[in-house]
Amino acid sequence: VTGRDQLSDLGHSFNRMIRSLRELLRVSAEKERLDQEMAIAASVQARLFPRAMPQCDTLDLAAGVCQPARIVSGDYFDYFEIRPGLIAFVVADVCGKGVSAALLMSNLQAHLRSRALSDAPPFNPPFNEDNEPRDLRALVSHVNQRMVEASPDSSYVTMFYAEYDEAASVMRYVNAGHNPPLLLTASQCKKLEEGGTVVGLFRESVYELGEVALAADDVFVAYTDGLLEARNPQEEEIGEERLAEWLAALRDQPAETIKQRLLEQVAAWTENAEQEDDLTLLVWRKR
């Protein structure tokens, strides 16, 4: 091999190295740009979650929590005052994860809040001319139709929407295909299942109304499937039965304590493994 051949090979190697460095710099710059955009998206999404809890003397309400599996989440929780003495609660889960799910979640939040706070009948005033409560079935049907228009094909949202009537000590709700929240009373652990199918998939979906009377010390827990499906190293999921057992042992605790203990138990169950799905939790206790 001549010295000229060696110089030629060295030159080719150098050129390849330069091209590799340029590609590395390009990829690094692109990753930095994407990281910045994701950080902005996460910051914007955080502002969609409620910053303050509604004033309600008869509820001990823990601050809701959403733990995304990625930087942004497709889960959604909310609570807000419709009028004094009437509080709305929402927990929802957009199919999928990441930015696309987060965009659909923000769409849901806008439609739901707008309609729930609207003065248009049949949602307001709180009671119609026949002195009947607000029609939550019509509210969820309206949101469903708007989400069908806004969602890509095969995209959908599971959602639990409820309104707590403080004067009547009653919660009315519609469960649109969501994991049923649990209501722990002195005598039972009740699944809140009445409602219908998911939101955003079928334009003509029909929903039923659920209603529960509330007593002092009843505990309400709503969550997304990221909690139920969290796995331990043996690939066992937490599941509904185990969650109910955990809650039964915590029922006498304040709402914030129940929330924190549940999150600790999930972390212990998974041994702090990387989270596979978004996890959202909303807890309150009736005073």
# chains A, B, ... in the order shown; residues from 1 in each chain; ligands from 1

$ residues_around --residues "stretch 257-265 of chain A" --least-positions-apart "3" --cutoff "8 Å" --atoms "only C-alpha atoms" --output "JSON, numbers by chain"
{"A": [62, 246, 247, 250, 251, 253, 254, 268, 269, 281, 282, 283]}

$ closest_atom_pairs --of "stretch 133-179 of chain A" --to "stretch 51-59 of chain A" --cutoff "12 Å" --atoms "only C-alpha atoms" --output "CSV"
residue,atom,partner,partner_atom,distance
A:Tyr164,CA,A:Leu59,CA,9.6
A:Asp165,CA,A:Thr58,CA,10.3
A:Glu166,CA,A:Thr58,CA,7.1
A:Ala167,CA,A:Thr58,CA,9.5
A:Ala168,CA,A:Thr58,CA,11.3
A:Ser169,CA,A:Thr58,CA,8.8
A:Val170,CA,A:Thr58,CA,11.6
A:Met171,CA,A:Leu59,CA,11.9

$ write_last_selection --atoms "C-alpha atoms" --output "short mmCIF file (atom, residue, chain, number, x, y, z; two decimals), in the first residue's frame"
data_model
loop_
_atom_site.label_atom_id
_atom_site.label_comp_id
_atom_site.auth_asym_id
_atom_site.auth_seq_id
_atom_site.Cartn_x
_atom_site.Cartn_y
_atom_site.Cartn_z
CA TYR A 164 -72.91 17.79 43.18
CA ASP A 165 -76.02 19.57 44.49
CA GLU A 166 -75.05 20.78 47.92
CA ALA A 167 -78.57 21.71 49.11
CA ALA A 168 -80.01 18.28 48.20
CA SER A 169 -76.86 16.28 49.14
CA VAL A 170 -77.18 14.53 45.79
CA MET A 171 -74.72 13.83 42.98
#

$ closest_residue --among "A:Gln109, A:Thr197, A:Ser28, A:Thr270" --to "A:Glu237" --atoms "only C-alpha atoms"
A:Thr270

$ select_by_dssp --residues "stretch 61-126 of chain A" --states "strand (DSSP E or B)" --output "list in words"
Leu61, Val65, Cys66, Gln67, Asp75, Tyr76, Phe77, Asp78, Tyr79, Phe80, Glu81, Ile82, Arg83, Leu86, Ile87, Ala88, Phe89, Val90, Val91, Ala92, Asp93 and Val94 of chain A

$ atom_distance --atom1 "atom CA of A:Arg47" --atom2 "atom CA of A:Ala69"
18.1 Å

$ residues_around --residues "A:Val140" --least-positions-apart "2" --cutoff "8 Å" --atoms "only C-alpha atoms" --output "PDB file with N, CA and C atoms, in the first residue's frame"
ATOM      1  N   LEU A 136     -78.173  16.552  32.342  1.00  0.00           N
ATOM      2  CA  LEU A 136     -76.776  16.193  32.089  1.00  0.00           C
ATOM      3  C   LEU A 136     -76.649  15.256  30.895  1.00  0.00           C
ATOM      4  N   ARG A 137     -77.689  14.493  30.609  1.00  0.00           N
ATOM      5  CA  ARG A 137     -77.667  13.618  29.431  1.00  0.00           C
ATOM      6  C   ARG A 137     -77.534  14.452  28.165  1.00  0.00           C
ATOM      7  N   ALA A 138     -78.290  15.536  28.086  1.00  0.00           N
ATOM      8  CA  ALA A 138     -78.212  16.413  26.919  1.00  0.00           C
ATOM      9  C   ALA A 138     -76.856  17.108  26.850  1.00  0.00           C
ATOM     10  N   HIS A 142     -74.312  16.666  23.736  1.00  0.00           N
ATOM     11  CA  HIS A 142     -73.799  17.822  22.991  1.00  0.00           C
ATOM     12  C   HIS A 142     -72.274  17.753  22.876  1.00  0.00           C
ATOM     13  N   VAL A 143     -71.618  17.477  23.993  1.00  0.00           N
ATOM     14  CA  VAL A 143     -70.153  17.373  23.965  1.00  0.00           C
ATOM     15  C   VAL A 143     -69.725  16.231  23.044  1.00  0.00           C
ATOM     16  N   ASN A 144     -70.447  15.122  23.092  1.00  0.00           N
ATOM     17  CA  ASN A 144     -70.132  13.988  22.221  1.00  0.00           C
ATOM     18  C   ASN A 144     -70.187  14.395  20.747  1.00  0.00           C
ATOM     19  N   TYR A 161     -68.753  12.570  34.050  1.00  0.00           N
ATOM     20  CA  TYR A 161     -69.140  13.953  34.375  1.00  0.00           C
ATOM     21  C   TYR A 161     -70.206  13.917  35.457  1.00  0.00           C
ATOM     22  N   VAL A 174     -73.182  11.283  34.592  1.00  0.00           N
ATOM     23  CA  VAL A 174     -73.225  10.473  33.380  1.00  0.00           C
ATOM     24  C   VAL A 174     -71.839   9.861  33.203  1.00  0.00           C
ATOM     25  N   TYR A 207     -77.392   8.707  26.296  1.00  0.00           N
ATOM     26  CA  TYR A 207     -76.833   8.537  27.642  1.00  0.00           C
ATOM     27  C   TYR A 207     -77.930   8.514  28.694  1.00  0.00           C
TER      28      TYR A 207
END

$ atom_distance --atom1 "atom CA of A:Phe77" --atom2 "atom CA of A:Ala162"
11.6 Å

$ residues_around --residues "stretch 211-226 of chain A" --least-positions-apart "5" --cutoff "8 Å" --atoms "only C-alpha atoms" --output "ChimeraX atom specification"
/A:75,91-93,169-173,178-186,251-252,255,276-287

$ atom_distance --atom1 "atom CA of A:Glu32" --atom2 "atom CA of A:Ala273"
26.0 Å

$ residues_around --residues "A:Ala101" --least-positions-apart "3" --cutoff "10 Å" --atoms "only C-alpha atoms" --output "VMD selection string"
chain A and resid 72 to 75 93 to 98 104 to 107 155 to 157

$ closest_residue --among "A:Leu25, A:Ala46, A:Ile18, A:Pro84" --to "A:Gln67" --atoms "only C-alpha atoms"
A:Ala46

$ select_by_dssp --residues "stretch 47-131 of chain A" --states "helix (DSSP H, G or I)" --output "mmCIF file with N, CA and C atoms, in the first residue's frame"
data_model
loop_
_atom_site.group_PDB
_atom_site.id
_atom_site.type_symbol
_atom_site.label_atom_id
_atom_site.label_comp_id
_atom_site.auth_asym_id
_atom_site.auth_seq_id
_atom_site.Cartn_x
_atom_site.Cartn_y
_atom_site.Cartn_z
ATOM 1 N N GLY A 98 -49.387 11.091 24.619
ATOM 2 C CA GLY A 98 -48.535 12.061 23.951
ATOM 3 C C GLY A 98 -49.286 13.266 23.418
ATOM 4 N N VAL A 99 -48.675 13.948 22.432
ATOM 5 C CA VAL A 99 -49.179 15.239 21.962
ATOM 6 C C VAL A 99 -50.562 15.128 21.345
ATOM 7 N N SER A 100 -50.804 14.110 20.509
ATOM 8 C CA SER A 100 -52.111 13.991 19.848
ATOM 9 C C SER A 100 -53.224 13.821 20.870
ATOM 10 N N ALA A 101 -52.992 13.003 21.898
ATOM 11 C CA ALA A 101 -53.995 12.826 22.948
ATOM 12 C C ALA A 101 -54.178 14.119 23.742
ATOM 13 N N ALA A 102 -53.097 14.842 23.992
ATOM 14 C CA ALA A 102 -53.185 16.095 24.744
ATOM 15 C C ALA A 102 -53.989 17.138 23.978
ATOM 16 N N LEU A 103 -53.834 17.186 22.653
ATOM 17 C CA LEU A 103 -54.607 18.127 21.843
ATOM 18 C C LEU A 103 -56.096 17.812 21.909
ATOM 19 N N LEU A 104 -56.428 16.526 21.852
ATOM 20 C CA LEU A 104 -57.827 16.128 21.943
ATOM 21 C C LEU A 104 -58.379 16.428 23.336
ATOM 22 N N MET A 105 -57.554 16.252 24.338
ATOM 23 C CA MET A 105 -57.964 16.566 25.707
ATOM 24 C C MET A 105 -58.304 18.050 25.848
ATOM 25 N N SER A 106 -57.476 18.931 25.261
ATOM 26 C CA SER A 106 -57.743 20.368 25.363
ATOM 27 C C SER A 106 -59.039 20.731 24.647
ATOM 28 N N ASN A 107 -59.332 20.019 23.544
ATOM 29 C CA ASN A 107 -60.582 20.230 22.822
ATOM 30 C C ASN A 107 -61.776 19.853 23.695
ATOM 31 N N LEU A 108 -61.662 18.710 24.370
ATOM 32 C CA LEU A 108 -62.722 18.264 25.270
ATOM 33 C C LEU A 108 -62.953 19.278 26.379
ATOM 34 N N GLN A 109 -61.876 19.751 26.977
ATOM 35 C CA GLN A 109 -61.997 20.697 28.081
ATOM 36 C C GLN A 109 -62.739 21.959 27.653
ATOM 37 N N ALA A 110 -62.419 22.458 26.453
ATOM 38 C CA ALA A 110 -63.052 23.675 25.964
ATOM 39 C C ALA A 110 -64.549 23.466 25.736
ATOM 40 N N HIS A 111 -64.915 22.371 25.063
ATOM 41 C CA HIS A 111 -66.325 22.107 24.785
ATOM 42 C C HIS A 111 -67.115 21.872 26.068
ATOM 43 N N LEU A 112 -66.543 21.095 26.982
ATOM 44 C CA LEU A 112 -67.265 20.720 28.190
ATOM 45 C C LEU A 112 -67.492 21.921 29.097
ATOM 46 N N ARG A 113 -66.454 22.670 29.368
ATOM 47 C CA ARG A 113 -66.599 23.835 30.244
ATOM 48 C C ARG A 113 -67.551 24.858 29.641
ATOM 49 N N SER A 114 -67.409 25.082 28.339
ATOM 50 C CA SER A 114 -68.257 26.059 27.667
ATOM 51 C C SER A 114 -69.729 25.688 27.807
ATOM 52 N N ARG A 115 -70.036 24.409 27.588
ATOM 53 C CA ARG A 115 -71.436 23.987 27.642
ATOM 54 C C ARG A 115 -71.950 23.893 29.072
ATOM 55 N N ALA A 116 -71.131 23.413 29.967
ATOM 56 C CA ALA A 116 -71.573 23.276 31.362
ATOM 57 C C ALA A 116 -71.876 24.638 31.987
#

$ residues_around --residues "A:Val198" --least-positions-apart "3" --cutoff "6 Å" --atoms "only C-alpha atoms" --output "tab-separated table (two decimals) with N, CA and C atoms, in the first residue's frame"
chain	number	residue	atom	x	y	z
A	157	VAL	N	-62.96	9.35	23.66
A	157	VAL	CA	-62.64	9.73	25.03
A	157	VAL	C	-63.59	8.99	25.97
A	158	THR	N	-63.06	8.41	27.04
A	158	THR	CA	-63.91	7.93	28.13
A	158	THR	C	-64.03	9.09	29.12
A	176	ALA	N	-69.62	8.09	30.62
A	176	ALA	CA	-69.49	7.81	29.19
A	176	ALA	C	-68.31	6.87	28.96
A	177	GLY	N	-68.55	5.58	29.26
A	177	GLY	CA	-67.55	4.55	28.98
A	177	GLY	C	-66.31	4.59	29.82

$ residues_around --residues "A:Ile87" --least-positions-apart "2" --cutoff "7 Å" --atoms "only C-alpha atoms" --output "ChimeraX atom specification"
/A:79-82,85,89,163-165

$ write_last_selection --atoms "C-alpha atoms" --output "mmCIF file, in the first residue's frame"
data_model
loop_
_atom_site.group_PDB
_atom_site.id
_atom_site.type_symbol
_atom_site.label_atom_id
_atom_site.label_comp_id
_atom_site.auth_asym_id
_atom_site.auth_seq_id
_atom_site.Cartn_x
_atom_site.Cartn_y
_atom_site.Cartn_z
ATOM 1 C CA TYR A 79 -63.781 20.683 39.085
ATOM 2 C CA PHE A 80 -65.546 24.035 38.966
ATOM 3 C CA GLU A 81 -68.489 25.904 40.411
ATOM 4 C CA ILE A 82 -71.488 26.220 38.111
ATOM 5 C CA GLY A 85 -73.978 25.123 45.766
ATOM 6 C CA PHE A 89 -66.489 17.130 38.571
ATOM 7 C CA GLU A 163 -72.629 17.607 39.404
ATOM 8 C CA TYR A 164 -72.911 17.794 43.182
ATOM 9 C CA ASP A 165 -76.025 19.567 44.485
#

$ closest_residue --among "A:Cys66, A:Ala230, A:Leu209, A:Ala248" --to "A:Gln275" --atoms "only C-alpha atoms"
A:Ala230

$ decode --residues "stretch 176-228 of chain A" --atoms "C-alpha atoms" --output "PDB file, in the first residue's frame"
ATOM      1  CA  ALA A 176     -69.489   7.814  29.188  1.00  0.00           C
ATOM      2  CA  GLY A 177     -67.553   4.552  28.981  1.00  0.00           C
ATOM      3  CA  HIS A 178     -65.155   5.460  31.788  1.00  0.00           C
ATOM      4  CA  ASN A 179     -63.754   3.252  34.549  1.00  0.00           C
ATOM      5  CA  PRO A 180     -66.559   3.550  37.119  1.00  0.00           C
ATOM      6  CA  PRO A 181     -65.636   5.816  40.028  1.00  0.00           C
ATOM      7  CA  LEU A 182     -66.186   4.355  43.462  1.00  0.00           C
ATOM      8  CA  LEU A 183     -68.437   5.727  46.189  1.00  0.00           C
ATOM      9  CA  LEU A 184     -67.553   4.314  49.601  1.00  0.00           C
ATOM     10  CA  THR A 185     -70.408   4.542  52.093  1.00  0.00           C
ATOM     11  CA  ALA A 186     -70.838   3.121  55.572  1.00  0.00           C
ATOM     12  CA  SER A 187     -72.344  -0.043  54.089  1.00  0.00           C
ATOM     13  CA  GLN A 188     -70.948  -0.570  50.587  1.00  0.00           C
ATOM     14  CA  CYS A 189     -68.516   0.293  47.804  1.00  0.00           C
ATOM     15  CA  LYS A 190     -70.732   1.385  44.913  1.00  0.00           C
ATOM     16  CA  LYS A 191     -69.593   1.610  41.276  1.00  0.00           C
ATOM     17  CA  LEU A 192     -70.953   4.658  39.460  1.00  0.00           C
ATOM     18  CA  GLU A 193     -71.702   3.080  36.083  1.00  0.00           C
ATOM     19  CA  GLU A 194     -74.886   4.650  34.671  1.00  0.00           C
ATOM     20  CA  GLY A 195     -74.378   6.524  31.422  1.00  0.00           C
ATOM     21  CA  GLY A 196     -73.485   5.165  28.011  1.00  0.00           C
ATOM     22  CA  THR A 197     -70.696   4.665  25.529  1.00  0.00           C
ATOM     23  CA  VAL A 198     -67.530   6.688  24.970  1.00  0.00           C
ATOM     24  CA  VAL A 199     -67.487  10.279  23.703  1.00  0.00           C
ATOM     25  CA  GLY A 200     -66.350  11.187  20.201  1.00  0.00           C
ATOM     26  CA  LEU A 201     -67.032   7.926  18.359  1.00  0.00           C
ATOM     27  CA  PHE A 202     -70.763   7.780  17.537  1.00  0.00           C
ATOM     28  CA  ARG A 203     -72.751  10.947  16.814  1.00  0.00           C
ATOM     29  CA  GLU A 204     -76.121   9.525  17.908  1.00  0.00           C
ATOM     30  CA  SER A 205     -75.012   8.061  21.250  1.00  0.00           C
ATOM     31  CA  VAL A 206     -77.686   8.144  23.963  1.00  0.00           C
ATOM     32  CA  TYR A 207     -76.833   8.537  27.642  1.00  0.00           C
ATOM     33  CA  GLU A 208     -78.598   7.668  30.893  1.00  0.00           C
ATOM     34  CA  LEU A 209     -78.473   9.635  34.125  1.00  0.00           C
ATOM     35  CA  GLY A 210     -77.193   8.263  37.410  1.00  0.00           C
ATOM     36  CA  GLU A 211     -78.017   9.740  40.793  1.00  0.00           C
ATOM     37  CA  VAL A 212     -76.784   8.992  44.310  1.00  0.00           C
ATOM     38  CA  ALA A 213     -77.798  10.439  47.665  1.00  0.00           C
ATOM     39  CA  LEU A 214     -74.806  11.337  49.802  1.00  0.00           C
ATOM     40  CA  ALA A 215     -74.306  11.056  53.549  1.00  0.00           C
ATOM     41  CA  ALA A 216     -71.599  12.394  55.843  1.00  0.00           C
ATOM     42  CA  ASP A 217     -68.254  10.574  55.474  1.00  0.00           C
ATOM     43  CA  ASP A 218     -69.065   9.085  52.059  1.00  0.00           C
ATOM     44  CA  VAL A 219     -65.879   9.000  49.959  1.00  0.00           C
ATOM     45  CA  PHE A 220     -65.761   9.513  46.189  1.00  0.00           C
ATOM     46  CA  VAL A 221     -62.764   8.295  44.146  1.00  0.00           C
ATOM     47  CA  ALA A 222     -62.444   8.756  40.377  1.00  0.00           C
ATOM     48  CA  TYR A 223     -59.425   7.604  38.393  1.00  0.00           C
ATOM     49  CA  THR A 224     -58.179   6.589  34.957  1.00  0.00           C
ATOM     50  CA  ASP A 225     -57.064   3.152  33.784  1.00  0.00           C
ATOM     51  CA  GLY A 226     -53.429   4.041  34.378  1.00  0.00           C
ATOM     52  CA  LEU A 227     -54.116   3.274  38.038  1.00  0.00           C
ATOM     53  CA  LEU A 228     -55.968  -0.022  37.563  1.00  0.00           C
TER      54      LEU A 228
END
